[in-house]
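**Q** I am attaching a structure below and will ask some questions about it afterwards.
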Amino acid sequence: MDKIKKYTAANRLAWNEAMPLHQKANKSKWDDLFSRSGFSVIRAPELSHIQSLELKDKTIAHLCCNNGVELMSLINLGASLGVGFDISDVAIAEAGQRADKFGINCKFVQSDVYEISEDYNGLFDIVYLSIGCLGWLPDLKAFFSKVSLLLKPSGMLFIHESHPFTVMLPADDQKDVNPLLIIEPYFKSEPYVESDGIDYIGKTTYKSEPMYWFVWTLSDIFNSLIKNGFRLEHFSEYPEDISTQHKRTEEAQAGIPLSYILMARKQVV
């Protein structure tokens, strides 16, 4: 766990540094949108898969929840209770303030996802993961073990993420590079170390705290789930970019997978 902590502690500093910039660009927008009763950011194709889970009376944990807008949306879609966990103190503070302000039944907890309290074990019908979670995690097998602990028997894991194929492609800010050109490997054993900032919201540039991004292949994800006793129930891939980093690739309409939805159920032993 010490090796995991090395990476997650660094990423916490980087996210606490970035979040005030995100808030400067977006906080008033989110406050305005969630002031509208029943507002949700969940859109097709994710929406139909979420609705298939019959959210009424369900409890949901959102890991790596950032500012909580997806979790609050799931409550507005009918779930009874949500708990969001994120490593960034600043993100969690924003999420909690917004949920309180608009009376949305969510609780937000600052925690390294590997260190979520055992008090939450077995409490959730659904664990939800959205865009930009898995790449910050240094150990997938340990992470999905934690997910399993949080879920009730036969609970469901729901993932809507950027496709690992996108890591091979140039991001939109690399404007002089063909968006269909493969420039990075699919198989990479060591994380990327970045210090160029992560203000993809306000687009400001700054020298940031060092942060670590891990490349997980589909086989890494599937095998980590299998080893933790999950049964895959749905997997679909989409040409739509949900990361805001590969719109040029999407617009090229080259039939490249840019995002996916995965649903896996915890098996009763």
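Chains: A, B, ... in order of the structure tokens. Residues: from 1 per chain. Ligands: from 1, in order shown.
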Give me, as an MDAnalysis selection string, all polymer residues having an atom no more than 8 Å from region 37-48 of chain A, counting only C-alpha atoms and skipping those fewer than 2 positions away in the same chain.
**A** chainID A and resid 33:35 50:52 69:70 72:74 76:77 160 261
**Q** Give me, as a PyMOL selection string, all polymer residues having an atom no more than 10 Å from Ile201 (chain A), counting only C-alpha atoms and skipping those fewer than 5 positions away in the same chain.
**A** chain A and resi 18-19+21-26+244
**Q** If you keep all heavy atoms, can you produce a file of those selected residues as a PDB file, in the first residue's frame?
**A**
```pdb
ATOM      1  N   ALA A  18      -5.667  22.139  -8.891  1.00  0.00           N
ATOM      2  CA  ALA A  18      -6.444  22.395 -10.109  1.00  0.00           C
ATOM      3  C   ALA A  18      -7.880  22.814  -9.841  1.00  0.00           C
ATOM      4  O   ALA A  18      -8.460  23.601 -10.611  1.00  0.00           O
ATOM      5  CB  ALA A  18      -6.430  21.152 -10.992  1.00  0.00           C
ATOM      6  N   MET A  19      -8.483  22.302  -8.777  1.00  0.00           N
ATOM      7  CA  MET A  19      -9.917  22.502  -8.581  1.00  0.00           C
ATOM      8  C   MET A  19     -10.336  23.970  -8.466  1.00  0.00           C
ATOM      9  O   MET A  19     -11.388  24.357  -8.995  1.00  0.00           O
ATOM     10  CB  MET A  19     -10.411  21.718  -7.360  1.00  0.00           C
ATOM     11  CG  MET A  19     -10.602  20.226  -7.610  1.00  0.00           C
ATOM     12  SD  MET A  19     -11.670  19.824  -9.021  1.00  0.00           S
ATOM     13  CE  MET A  19     -13.205  20.617  -8.548  1.00  0.00           C
ATOM     14  N   LEU A  21      -9.256  26.403 -10.122  1.00  0.00           N
ATOM     15  CA  LEU A  21      -9.324  26.878 -11.498  1.00  0.00           C
ATOM     16  C   LEU A  21     -10.586  26.355 -12.179  1.00  0.00           C
ATOM     17  O   LEU A  21     -11.258  27.087 -12.922  1.00  0.00           O
ATOM     18  CB  LEU A  21      -8.083  26.440 -12.270  1.00  0.00           C
ATOM     19  CG  LEU A  21      -6.753  26.985 -11.730  1.00  0.00           C
ATOM     20  CD1 LEU A  21      -5.577  26.328 -12.442  1.00  0.00           C
ATOM     21  CD2 LEU A  21      -6.697  28.497 -11.876  1.00  0.00           C
ATOM     22  N   HIS A  22     -10.926  25.089 -11.917  1.00  0.00           N
ATOM     23  CA  HIS A  22     -12.173  24.533 -12.453  1.00  0.00           C
ATOM     24  C   HIS A  22     -13.377  25.298 -11.899  1.00  0.00           C
ATOM     25  O   HIS A  22     -14.332  25.601 -12.628  1.00  0.00           O
ATOM     26  CB  HIS A  22     -12.294  23.054 -12.081  1.00  0.00           C
ATOM     27  CG  HIS A  22     -11.309  22.176 -12.778  1.00  0.00           C
ATOM     28  ND1 HIS A  22     -11.485  20.808 -12.877  1.00  0.00           N
ATOM     29  CD2 HIS A  22     -10.140  22.452 -13.415  1.00  0.00           C
ATOM     30  CE1 HIS A  22     -10.464  20.286 -13.536  1.00  0.00           C
ATOM     31  NE2 HIS A  22      -9.633  21.264 -13.868  1.00  0.00           N
ATOM     32  N   GLN A  23     -13.327  25.601 -10.625  1.00  0.00           N
ATOM     33  CA  GLN A  23     -14.444  26.303  -9.991  1.00  0.00           C
ATOM     34  C   GLN A  23     -14.606  27.712 -10.542  1.00  0.00           C
ATOM     35  O   GLN A  23     -15.731  28.191 -10.737  1.00  0.00           O
ATOM     36  CB  GLN A  23     -14.242  26.331  -8.475  1.00  0.00           C
ATOM     37  CG  GLN A  23     -14.364  24.966  -7.830  1.00  0.00           C
ATOM     38  CD  GLN A  23     -13.905  24.943  -6.387  1.00  0.00           C
ATOM     39  OE1 GLN A  23     -13.281  25.890  -5.897  1.00  0.00           O
ATOM     40  NE2 GLN A  23     -14.191  23.850  -5.692  1.00  0.00           N
ATOM     41  N   LYS A  24     -13.508  28.364 -10.798  1.00  0.00           N
ATOM     42  CA  LYS A  24     -13.569  29.712 -11.366  1.00  0.00           C
ATOM     43  C   LYS A  24     -14.299  29.695 -12.696  1.00  0.00           C
ATOM     44  O   LYS A  24     -15.074  30.608 -13.018  1.00  0.00           O
ATOM     45  CB  LYS A  24     -12.154  30.264 -11.535  1.00  0.00           C
ATOM     46  CG  LYS A  24     -12.101  31.682 -12.083  1.00  0.00           C
ATOM     47  CD  LYS A  24     -10.669  32.174 -12.194  1.00  0.00           C
ATOM     48  CE  LYS A  24     -10.625  33.592 -12.757  1.00  0.00           C
ATOM     49  NZ  LYS A  24      -9.219  34.082 -12.877  1.00  0.00           N
ATOM     50  N   ALA A  25     -14.081  28.649 -13.490  1.00  0.00           N
ATOM     51  CA  ALA A  25     -14.691  28.557 -14.809  1.00  0.00           C
ATOM     52  C   ALA A  25     -16.114  28.018 -14.779  1.00  0.00           C
ATOM     53  O   ALA A  25     -16.936  28.390 -15.628  1.00  0.00           O
ATOM     54  CB  ALA A  25     -13.826  27.669 -15.706  1.00  0.00           C
ATOM     55  N   ASN A  26     -16.427  27.132 -13.806  1.00  0.00           N
ATOM     56  CA  ASN A  26     -17.660  26.342 -13.919  1.00  0.00           C
ATOM     57  C   ASN A  26     -18.609  26.384 -12.736  1.00  0.00           C
ATOM     58  O   ASN A  26     -19.762  25.962 -12.865  1.00  0.00           O
ATOM     59  CB  ASN A  26     -17.292  24.865 -14.158  1.00  0.00           C
ATOM     60  CG  ASN A  26     -17.479  24.450 -15.599  1.00  0.00           C
ATOM     61  OD1 ASN A  26     -17.819  25.263 -16.455  1.00  0.00           O
ATOM     62  ND2 ASN A  26     -17.258  23.185 -15.872  1.00  0.00           N
ATOM     63  N   THR A 244     -13.430  15.274 -23.436  1.00  0.00           N
ATOM     64  CA  THR A 244     -13.168  16.637 -23.918  1.00  0.00           C
ATOM     65  C   THR A 244     -11.754  16.776 -24.490  1.00  0.00           C
ATOM     66  O   THR A 244     -11.336  17.879 -24.813  1.00  0.00           O
ATOM     67  CB  THR A 244     -13.379  17.725 -22.835  1.00  0.00           C
ATOM     68  OG1 THR A 244     -12.284  17.714 -21.901  1.00  0.00           O
ATOM     69  CG2 THR A 244     -14.684  17.535 -22.084  1.00  0.00           C
TER      70      THR A 244
END
```
**Q** Can you tell me, as a list in words, what residues are no more than 7 Å from His62 (chain A) when counting only C-alpha atoms, ignoring any on the same chain fewer than 5 positions away?
**A** Leu71, Val83, Gly84, Phe85, Val127, Tyr128 and Leu129 of chain A
**Q** With only C-alpha atoms counted and 10 Å as the cut-off, give the residues of region 157-181 of chain A in contact with region 235-241 of chain A, each with its shortest interatomic distance in Å and the pair that gives it, as a Markdown table.
**A**
```
| residue | atom | partner | partner_atom | distance |
| --- | --- | --- | --- | --- |
| A:Ile159 | CA | A:Phe235 | CA | 9.5 |
| A:His160 | CA | A:Ser236 | CA | 9.8 |
| A:Glu161 | CA | A:Asp241 | CA | 9.5 |
| A:Ser162 | CA | A:Asp241 | CA | 7.2 |
| A:His163 | CA | A:Glu237 | CA | 7.8 |
| A:Thr166 | CA | A:Asp241 | CA | 8.9 |
```
**Q** Go ahead and save the picked residues with N, CA, C and O atoms, as a short mmCIF file (atom, residue, chain, number, x, y, z; two decimals), in the first residue's frame.
**A**
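Okay, this is what ended up in part.cif:
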```
data_model
loop_
_atom_site.label_atom_id
_atom_site.label_comp_id
_atom_site.auth_asym_id
_atom_site.auth_seq_id
_atom_site.Cartn_x
_atom_site.Cartn_y
_atom_site.Cartn_z
N ILE A 159 -19.65 1.49 -15.03
CA ILE A 159 -18.53 2.32 -15.47
C ILE A 159 -18.87 2.98 -16.80
O ILE A 159 -19.27 2.30 -17.75
N HIS A 160 -18.72 4.29 -16.87
CA HIS A 160 -18.78 5.03 -18.14
C HIS A 160 -17.46 5.78 -18.25
O HIS A 160 -17.25 6.77 -17.56
N GLU A 161 -16.59 5.31 -19.11
CA GLU A 161 -15.20 5.80 -19.12
C GLU A 161 -14.71 6.06 -20.54
O GLU A 161 -15.28 5.58 -21.53
N SER A 162 -13.62 6.79 -20.59
CA SER A 162 -12.88 6.97 -21.83
C SER A 162 -12.24 5.64 -22.22
O SER A 162 -11.74 4.91 -21.37
N HIS A 163 -12.28 5.31 -23.49
CA HIS A 163 -11.72 4.05 -23.96
C HIS A 163 -10.20 4.09 -23.86
O HIS A 163 -9.58 5.11 -24.18
N THR A 166 -7.88 5.66 -26.52
CA THR A 166 -7.65 7.09 -26.70
C THR A 166 -6.27 7.53 -26.22
O THR A 166 -5.75 8.55 -26.68
#
```
**Q** Which polymer residues have any atom within 7 Å of an atom of Glu233 (chain A), counting only C-alpha atoms, with same-chain residues fewer than 5 positions away left out, as JSON, numbers by chain?
**A** {"A": [263, 264, 265]}
**Q** Write the residues of the preceding selection, restricted to all heavy atoms, as a short mmCIF file (atom, residue, chain, number, x, y, z; two decimals), in the first residue's frame.
**A**
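See selection_26.cif below for the written result:
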```cif
data_model
loop_
_atom_site.label_atom_id
_atom_site.label_comp_id
_atom_site.auth_asym_id
_atom_site.auth_seq_id
_atom_site.Cartn_x
_atom_site.Cartn_y
_atom_site.Cartn_z
N MET A 263 -20.95 -2.87 -17.27
CA MET A 263 -21.75 -3.20 -16.10
C MET A 263 -21.36 -4.60 -15.64
O MET A 263 -21.34 -5.54 -16.43
CB MET A 263 -23.25 -3.12 -16.42
CG MET A 263 -23.69 -1.74 -16.87
SD MET A 263 -25.31 -1.69 -17.68
CE MET A 263 -26.39 -2.17 -16.33
N ALA A 264 -21.01 -4.73 -14.37
CA ALA A 264 -20.58 -6.01 -13.82
C ALA A 264 -21.22 -6.21 -12.45
O ALA A 264 -21.30 -5.27 -11.66
CB ALA A 264 -19.07 -6.08 -13.71
N ARG A 265 -21.64 -7.43 -12.18
CA ARG A 265 -22.33 -7.73 -10.93
C ARG A 265 -21.45 -8.51 -9.95
O ARG A 265 -20.74 -9.44 -10.34
CB ARG A 265 -23.61 -8.55 -11.20
CG ARG A 265 -24.53 -8.66 -9.99
CD ARG A 265 -25.84 -9.36 -10.34
NE ARG A 265 -26.58 -8.63 -11.35
CZ ARG A 265 -27.37 -7.59 -11.11
NH1 ARG A 265 -27.49 -7.13 -9.87
NH2 ARG A 265 -28.04 -7.00 -12.09
#
```
**Q** May I ask for the distance between CA of Asn223 (chain A) and CA of Leu262 (chain A), given in Å to one decimal place?
**A** 13.4 Å
**Q** Using only C-alpha atoms, determine which residues lie at most 10 Å from Arg231 (chain A), disregarding the query and same-chain residues fewer than 6 positions distant; provide the list as a PyMOL selection string.
**A** chain A and resi 154+156-157+222+225+263-267
**Q** Run DSSP on the backbone and give me the residues of region 50-213 of chain A it puts in helix (DSSP H, G or I), as a PDB file with N, CA, C and O atoms, in the first residue's frame.
**A**
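The new file out_21.pdb reads:
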```
ATOM      1  N   ILE A  50     -28.374   3.364 -17.374  1.00  0.00           N
ATOM      2  CA  ILE A  50     -28.625   3.736 -15.983  1.00  0.00           C
ATOM      3  C   ILE A  50     -30.076   3.433 -15.613  1.00  0.00           C
ATOM      4  O   ILE A  50     -30.367   2.869 -14.539  1.00  0.00           O
ATOM      5  N   GLN A  51     -30.998   3.783 -16.480  1.00  0.00           N
ATOM      6  CA  GLN A  51     -32.408   3.558 -16.187  1.00  0.00           C
ATOM      7  C   GLN A  51     -32.744   2.067 -16.092  1.00  0.00           C
ATOM      8  O   GLN A  51     -33.668   1.685 -15.375  1.00  0.00           O
ATOM      9  N   VAL A  69     -21.341  16.194  -9.662  1.00  0.00           N
ATOM     10  CA  VAL A  69     -22.518  16.499 -10.492  1.00  0.00           C
ATOM     11  C   VAL A  69     -23.191  15.231 -11.031  1.00  0.00           C
ATOM     12  O   VAL A  69     -24.416  15.205 -11.188  1.00  0.00           O
ATOM     13  N   GLU A  70     -22.424  14.181 -11.310  1.00  0.00           N
ATOM     14  CA  GLU A  70     -23.046  12.939 -11.780  1.00  0.00           C
ATOM     15  C   GLU A  70     -23.855  12.275 -10.664  1.00  0.00           C
ATOM     16  O   GLU A  70     -24.965  11.798 -10.881  1.00  0.00           O
ATOM     17  N   LEU A  71     -23.288  12.246  -9.459  1.00  0.00           N
ATOM     18  CA  LEU A  71     -24.000  11.617  -8.351  1.00  0.00           C
ATOM     19  C   LEU A  71     -25.288  12.373  -8.031  1.00  0.00           C
ATOM     20  O   LEU A  71     -26.345  11.759  -7.806  1.00  0.00           O
ATOM     21  N   MET A  72     -25.233  13.688  -8.002  1.00  0.00           N
ATOM     22  CA  MET A  72     -26.447  14.465  -7.756  1.00  0.00           C
ATOM     23  C   MET A  72     -27.474  14.233  -8.861  1.00  0.00           C
ATOM     24  O   MET A  72     -28.682  14.186  -8.609  1.00  0.00           O
ATOM     25  N   SER A  73     -27.000  14.034 -10.081  1.00  0.00           N
ATOM     26  CA  SER A  73     -27.902  13.725 -11.187  1.00  0.00           C
ATOM     27  C   SER A  73     -28.589  12.377 -10.978  1.00  0.00           C
ATOM     28  O   SER A  73     -29.786  12.224 -11.261  1.00  0.00           O
ATOM     29  N   LEU A  74     -27.851  11.388 -10.483  1.00  0.00           N
ATOM     30  CA  LEU A  74     -28.437  10.063 -10.243  1.00  0.00           C
ATOM     31  C   LEU A  74     -29.507  10.129  -9.159  1.00  0.00           C
ATOM     32  O   LEU A  74     -30.523   9.417  -9.233  1.00  0.00           O
ATOM     33  N   ILE A  75     -29.304  10.972  -8.166  1.00  0.00           N
ATOM     34  CA  ILE A  75     -30.343  11.166  -7.157  1.00  0.00           C
ATOM     35  C   ILE A  75     -31.562  11.824  -7.801  1.00  0.00           C
ATOM     36  O   ILE A  75     -32.716  11.414  -7.568  1.00  0.00           O
ATOM     37  N   ASN A  76     -31.336  12.809  -8.639  1.00  0.00           N
ATOM     38  CA  ASN A  76     -32.451  13.465  -9.324  1.00  0.00           C
ATOM     39  C   ASN A  76     -33.169  12.534 -10.287  1.00  0.00           C
ATOM     40  O   ASN A  76     -34.340  12.757 -10.625  1.00  0.00           O
ATOM     41  N   ASP A  89      -9.779  17.442  -1.471  1.00  0.00           N
ATOM     42  CA  ASP A  89     -10.514  18.159  -0.429  1.00  0.00           C
ATOM     43  C   ASP A  89     -11.358  19.286  -1.034  1.00  0.00           C
ATOM     44  O   ASP A  89     -12.484  19.530  -0.604  1.00  0.00           O
ATOM     45  N   VAL A  90     -10.794  19.946  -2.038  1.00  0.00           N
ATOM     46  CA  VAL A  90     -11.473  21.096  -2.642  1.00  0.00           C
ATOM     47  C   VAL A  90     -12.703  20.644  -3.424  1.00  0.00           C
ATOM     48  O   VAL A  90     -13.768  21.263  -3.352  1.00  0.00           O
ATOM     49  N   ALA A  91     -12.575  19.554  -4.173  1.00  0.00           N
ATOM     50  CA  ALA A  91     -13.710  19.026  -4.935  1.00  0.00           C
ATOM     51  C   ALA A  91     -14.833  18.579  -4.010  1.00  0.00           C
ATOM     52  O   ALA A  91     -16.010  18.862  -4.255  1.00  0.00           O
ATOM     53  N   ILE A  92     -14.473  17.885  -2.930  1.00  0.00           N
ATOM     54  CA  ILE A  92     -15.479  17.387  -1.989  1.00  0.00           C
ATOM     55  C   ILE A  92     -16.205  18.542  -1.306  1.00  0.00           C
ATOM     56  O   ILE A  92     -17.430  18.507  -1.116  1.00  0.00           O
ATOM     57  N   ALA A  93     -15.493  19.588  -0.957  1.00  0.00           N
ATOM     58  CA  ALA A  93     -16.123  20.754  -0.331  1.00  0.00           C
ATOM     59  C   ALA A  93     -17.145  21.380  -1.275  1.00  0.00           C
ATOM     60  O   ALA A  93     -18.269  21.723  -0.865  1.00  0.00           O
ATOM     61  N   GLU A  94     -16.786  21.530  -2.538  1.00  0.00           N
ATOM     62  CA  GLU A  94     -17.719  22.096  -3.514  1.00  0.00           C
ATOM     63  C   GLU A  94     -18.955  21.217  -3.665  1.00  0.00           C
ATOM     64  O   GLU A  94     -20.094  21.704  -3.667  1.00  0.00           O
ATOM     65  N   ALA A  95     -18.748  19.911  -3.788  1.00  0.00           N
ATOM     66  CA  ALA A  95     -19.865  18.988  -3.975  1.00  0.00           C
ATOM     67  C   ALA A  95     -20.826  19.025  -2.790  1.00  0.00           C
ATOM     68  O   ALA A  95     -22.053  19.082  -2.961  1.00  0.00           O
ATOM     69  N   GLY A  96     -20.269  18.992  -1.581  1.00  0.00           N
ATOM     70  CA  GLY A  96     -21.121  19.011  -0.391  1.00  0.00           C
ATOM     71  C   GLY A  96     -21.922  20.290  -0.268  1.00  0.00           C
ATOM     72  O   GLY A  96     -23.109  20.273   0.093  1.00  0.00           O
ATOM     73  N   GLN A  97     -21.293  21.413  -0.573  1.00  0.00           N
ATOM     74  CA  GLN A  97     -21.996  22.696  -0.496  1.00  0.00           C
ATOM     75  C   GLN A  97     -23.157  22.747  -1.487  1.00  0.00           C
ATOM     76  O   GLN A  97     -24.245  23.223  -1.159  1.00  0.00           O
ATOM     77  N   ARG A  98     -22.940  22.223  -2.689  1.00  0.00           N
ATOM     78  CA  ARG A  98     -23.996  22.275  -3.714  1.00  0.00           C
ATOM     79  C   ARG A  98     -25.154  21.340  -3.349  1.00  0.00           C
ATOM     80  O   ARG A  98     -26.321  21.702  -3.508  1.00  0.00           O
ATOM     81  N   ALA A  99     -24.841  20.156  -2.884  1.00  0.00           N
ATOM     82  CA  ALA A  99     -25.902  19.224  -2.498  1.00  0.00           C
ATOM     83  C   ALA A  99     -26.737  19.800  -1.360  1.00  0.00           C
ATOM     84  O   ALA A  99     -27.973  19.695  -1.361  1.00  0.00           O
ATOM     85  N   ASP A 100     -26.080  20.411  -0.371  1.00  0.00           N
ATOM     86  CA  ASP A 100     -26.805  21.032   0.748  1.00  0.00           C
ATOM     87  C   ASP A 100     -27.661  22.201   0.270  1.00  0.00           C
ATOM     88  O   ASP A 100     -28.812  22.361   0.686  1.00  0.00           O
ATOM     89  N   LYS A 101     -27.098  22.998  -0.621  1.00  0.00           N
ATOM     90  CA  LYS A 101     -27.789  24.193  -1.089  1.00  0.00           C
ATOM     91  C   LYS A 101     -29.087  23.855  -1.797  1.00  0.00           C
ATOM     92  O   LYS A 101     -30.105  24.558  -1.639  1.00  0.00           O
ATOM     93  N   VAL A 113      -9.499   6.499  -2.453  1.00  0.00           N
ATOM     94  CA  VAL A 113     -10.474   5.418  -2.656  1.00  0.00           C
ATOM     95  C   VAL A 113      -9.983   4.088  -2.094  1.00  0.00           C
ATOM     96  O   VAL A 113     -10.794   3.226  -1.741  1.00  0.00           O
ATOM     97  N   TYR A 114      -8.665   3.926  -1.975  1.00  0.00           N
ATOM     98  CA  TYR A 114      -8.130   2.688  -1.398  1.00  0.00           C
ATOM     99  C   TYR A 114      -8.306   2.649   0.117  1.00  0.00           C
ATOM    100  O   TYR A 114      -8.133   1.593   0.731  1.00  0.00           O
ATOM    101  N   GLU A 115      -8.651   3.788   0.717  1.00  0.00           N
ATOM    102  CA  GLU A 115      -8.726   3.894   2.172  1.00  0.00           C
ATOM    103  C   GLU A 115     -10.127   4.238   2.672  1.00  0.00           C
ATOM    104  O   GLU A 115     -10.293   4.678   3.812  1.00  0.00           O
ATOM    105  N   GLU A 118     -14.210   1.178   6.433  1.00  0.00           N
ATOM    106  CA  GLU A 118     -14.981  -0.069   6.451  1.00  0.00           C
ATOM    107  C   GLU A 118     -16.430   0.158   6.869  1.00  0.00           C
ATOM    108  O   GLU A 118     -17.286  -0.713   6.654  1.00  0.00           O
ATOM    109  N   ASP A 119     -16.728   1.311   7.455  1.00  0.00           N
ATOM    110  CA  ASP A 119     -18.105   1.622   7.838  1.00  0.00           C
ATOM    111  C   ASP A 119     -19.049   1.622   6.640  1.00  0.00           C
ATOM    112  O   ASP A 119     -20.267   1.465   6.798  1.00  0.00           O
ATOM    113  N   TYR A 120     -18.497   1.794   5.432  1.00  0.00           N
ATOM    114  CA  TYR A 120     -19.325   1.844   4.226  1.00  0.00           C
ATOM    115  C   TYR A 120     -19.444   0.480   3.532  1.00  0.00           C
ATOM    116  O   TYR A 120     -20.148   0.363   2.526  1.00  0.00           O
ATOM    117  N   LEU A 134     -10.309   5.730 -13.690  1.00  0.00           N
ATOM    118  CA  LEU A 134      -9.394   4.595 -13.644  1.00  0.00           C
ATOM    119  C   LEU A 134      -7.948   4.978 -13.922  1.00  0.00           C
ATOM    120  O   LEU A 134      -7.023   4.369 -13.386  1.00  0.00           O
ATOM    121  N   GLY A 135      -7.724   5.992 -14.738  1.00  0.00           N
ATOM    122  CA  GLY A 135      -6.360   6.370 -15.072  1.00  0.00           C
ATOM    123  C   GLY A 135      -5.555   6.940 -13.917  1.00  0.00           C
ATOM    124  O   GLY A 135      -4.324   6.960 -13.961  1.00  0.00           O
ATOM    125  N   TRP A 136      -6.248   7.394 -12.868  1.00  0.00           N
ATOM    126  CA  TRP A 136      -5.545   7.941 -11.696  1.00  0.00           C
ATOM    127  C   TRP A 136      -5.199   6.854 -10.679  1.00  0.00           C
ATOM    128  O   TRP A 136      -4.567   7.146  -9.655  1.00  0.00           O
ATOM    129  N   LEU A 140      -5.367  -1.633 -10.073  1.00  0.00           N
ATOM    130  CA  LEU A 140      -6.765  -1.941 -10.399  1.00  0.00           C
ATOM    131  C   LEU A 140      -7.320  -3.086  -9.563  1.00  0.00           C
ATOM    132  O   LEU A 140      -8.471  -3.052  -9.140  1.00  0.00           O
ATOM    133  N   LYS A 141      -6.514  -4.118  -9.339  1.00  0.00           N
ATOM    134  CA  LYS A 141      -7.007  -5.267  -8.582  1.00  0.00           C
ATOM    135  C   LYS A 141      -7.406  -4.842  -7.169  1.00  0.00           C
ATOM    136  O   LYS A 141      -8.482  -5.210  -6.666  1.00  0.00           O
ATOM    137  N   ALA A 142      -6.576  -4.033  -6.505  1.00  0.00           N
ATOM    138  CA  ALA A 142      -6.894  -3.552  -5.159  1.00  0.00           C
ATOM    139  C   ALA A 142      -8.109  -2.625  -5.188  1.00  0.00           C
ATOM    140  O   ALA A 142      -8.937  -2.632  -4.265  1.00  0.00           O
ATOM    141  N   PHE A 143      -8.233  -1.849  -6.250  1.00  0.00           N
ATOM    142  CA  PHE A 143      -9.361  -0.940  -6.357  1.00  0.00           C
ATOM    143  C   PHE A 143     -10.679  -1.703  -6.484  1.00  0.00           C
ATOM    144  O   PHE A 143     -11.650  -1.411  -5.775  1.00  0.00           O
ATOM    145  N   PHE A 144     -10.730  -2.692  -7.375  1.00  0.00           N
ATOM    146  CA  PHE A 144     -11.979  -3.435  -7.546  1.00  0.00           C
ATOM    147  C   PHE A 144     -12.283  -4.323  -6.342  1.00  0.00           C
ATOM    148  O   PHE A 144     -13.441  -4.679  -6.102  1.00  0.00           O
ATOM    149  N   SER A 145     -11.265  -4.668  -5.566  1.00  0.00           N
ATOM    150  CA  SER A 145     -11.511  -5.334  -4.281  1.00  0.00           C
ATOM    151  C   SER A 145     -12.283  -4.407  -3.351  1.00  0.00           C
ATOM    152  O   SER A 145     -13.228  -4.822  -2.668  1.00  0.00           O
ATOM    153  N   LYS A 146     -11.886  -3.135  -3.316  1.00  0.00           N
ATOM    154  CA  LYS A 146     -12.596  -2.146  -2.503  1.00  0.00           C
ATOM    155  C   LYS A 146     -14.028  -1.966  -3.005  1.00  0.00           C
ATOM    156  O   LYS A 146     -14.970  -1.891  -2.216  1.00  0.00           O
ATOM    157  N   VAL A 147     -14.200  -1.914  -4.322  1.00  0.00           N
ATOM    158  CA  VAL A 147     -15.541  -1.795  -4.898  1.00  0.00           C
ATOM    159  C   VAL A 147     -16.421  -2.948  -4.433  1.00  0.00           C
ATOM    160  O   VAL A 147     -17.578  -2.762  -4.027  1.00  0.00           O
ATOM    161  N   SER A 148     -15.883  -4.160  -4.481  1.00  0.00           N
ATOM    162  CA  SER A 148     -16.645  -5.339  -4.061  1.00  0.00           C
ATOM    163  C   SER A 148     -17.067  -5.238  -2.600  1.00  0.00           C
ATOM    164  O   SER A 148     -18.195  -5.584  -2.238  1.00  0.00           O
ATOM    165  N   LEU A 149     -16.167  -4.751  -1.762  1.00  0.00           N
ATOM    166  CA  LEU A 149     -16.492  -4.606  -0.340  1.00  0.00           C
ATOM    167  C   LEU A 149     -17.631  -3.614  -0.113  1.00  0.00           C
ATOM    168  O   LEU A 149     -18.474  -3.800   0.771  1.00  0.00           O
ATOM    169  N   LEU A 150     -17.666  -2.557  -0.908  1.00  0.00           N
ATOM    170  CA  LEU A 150     -18.692  -1.527  -0.732  1.00  0.00           C
ATOM    171  C   LEU A 150     -20.070  -2.003  -1.163  1.00  0.00           C
ATOM    172  O   LEU A 150     -21.084  -1.523  -0.653  1.00  0.00           O
ATOM    173  N   PRO A 164      -9.560   3.011 -23.413  1.00  0.00           N
ATOM    174  CA  PRO A 164      -8.089   3.026 -23.317  1.00  0.00           C
ATOM    175  C   PRO A 164      -7.396   3.261 -24.655  1.00  0.00           C
ATOM    176  O   PRO A 164      -6.246   3.703 -24.683  1.00  0.00           O
ATOM    177  N   PHE A 165      -8.087   3.019 -25.742  1.00  0.00           N
ATOM    178  CA  PHE A 165      -7.508   3.296 -27.068  1.00  0.00           C
ATOM    179  C   PHE A 165      -7.152   4.769 -27.217  1.00  0.00           C
ATOM    180  O   PHE A 165      -6.211   5.121 -27.936  1.00  0.00           O
ATOM    181  N   THR A 166      -7.880   5.655 -26.519  1.00  0.00           N
ATOM    182  CA  THR A 166      -7.648   7.093 -26.698  1.00  0.00           C
ATOM    183  C   THR A 166      -6.268   7.534 -26.223  1.00  0.00           C
ATOM    184  O   THR A 166      -5.750   8.554 -26.681  1.00  0.00           O
ATOM    185  N   VAL A 167      -5.677   6.775 -25.299  1.00  0.00           N
ATOM    186  CA  VAL A 167      -4.353   7.149 -24.789  1.00  0.00           C
ATOM    187  C   VAL A 167      -3.316   7.139 -25.909  1.00  0.00           C
ATOM    188  O   VAL A 167      -2.317   7.865 -25.855  1.00  0.00           O
ATOM    189  N   MET A 168      -3.559   6.354 -26.943  1.00  0.00           N
ATOM    190  CA  MET A 168      -2.604   6.265 -28.048  1.00  0.00           C
ATOM    191  C   MET A 168      -2.676   7.465 -28.991  1.00  0.00           C
ATOM    192  O   MET A 168      -1.780   7.672 -29.812  1.00  0.00           O
TER     193      MET A 168
END
```
**Q** Give the strand (DSSP E or B) residues of region 144-195 of chain A, as assigned by DSSP on the backbone, as a list of chain:residue names.
**A**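 Across region 144-195 of chain A, those assigned strand (DSSP E or B) are A:Leu151, A:Lys152, A:Pro153, A:Ser154, A:Gly155, A:Met156, A:Leu157, A:Phe158, A:Ile159, A:His160, A:Glu161, A:Ser162, A:Tyr192, A:Val193, A:Glu194.
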**Q** For a test of reading the model, state the distance in Å between CA of Ala9 (chain A) and CA of Lys107 (chain A), rounded to one decimal.
**A**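 Separation of CA of Ala9 (chain A) and CA of Lys107 (chain A): 22.6 Å.
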**Q** Given the choices A:Tyr200, A:Tyr7, A:Tyr260, A:Trp30, which gets closest to Asp173 (chain A) if the distance is worked out from only C-alpha atoms?
**A**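 Checking each candidate against Asp173 (chain A), we get A:Tyr200 as the closest.
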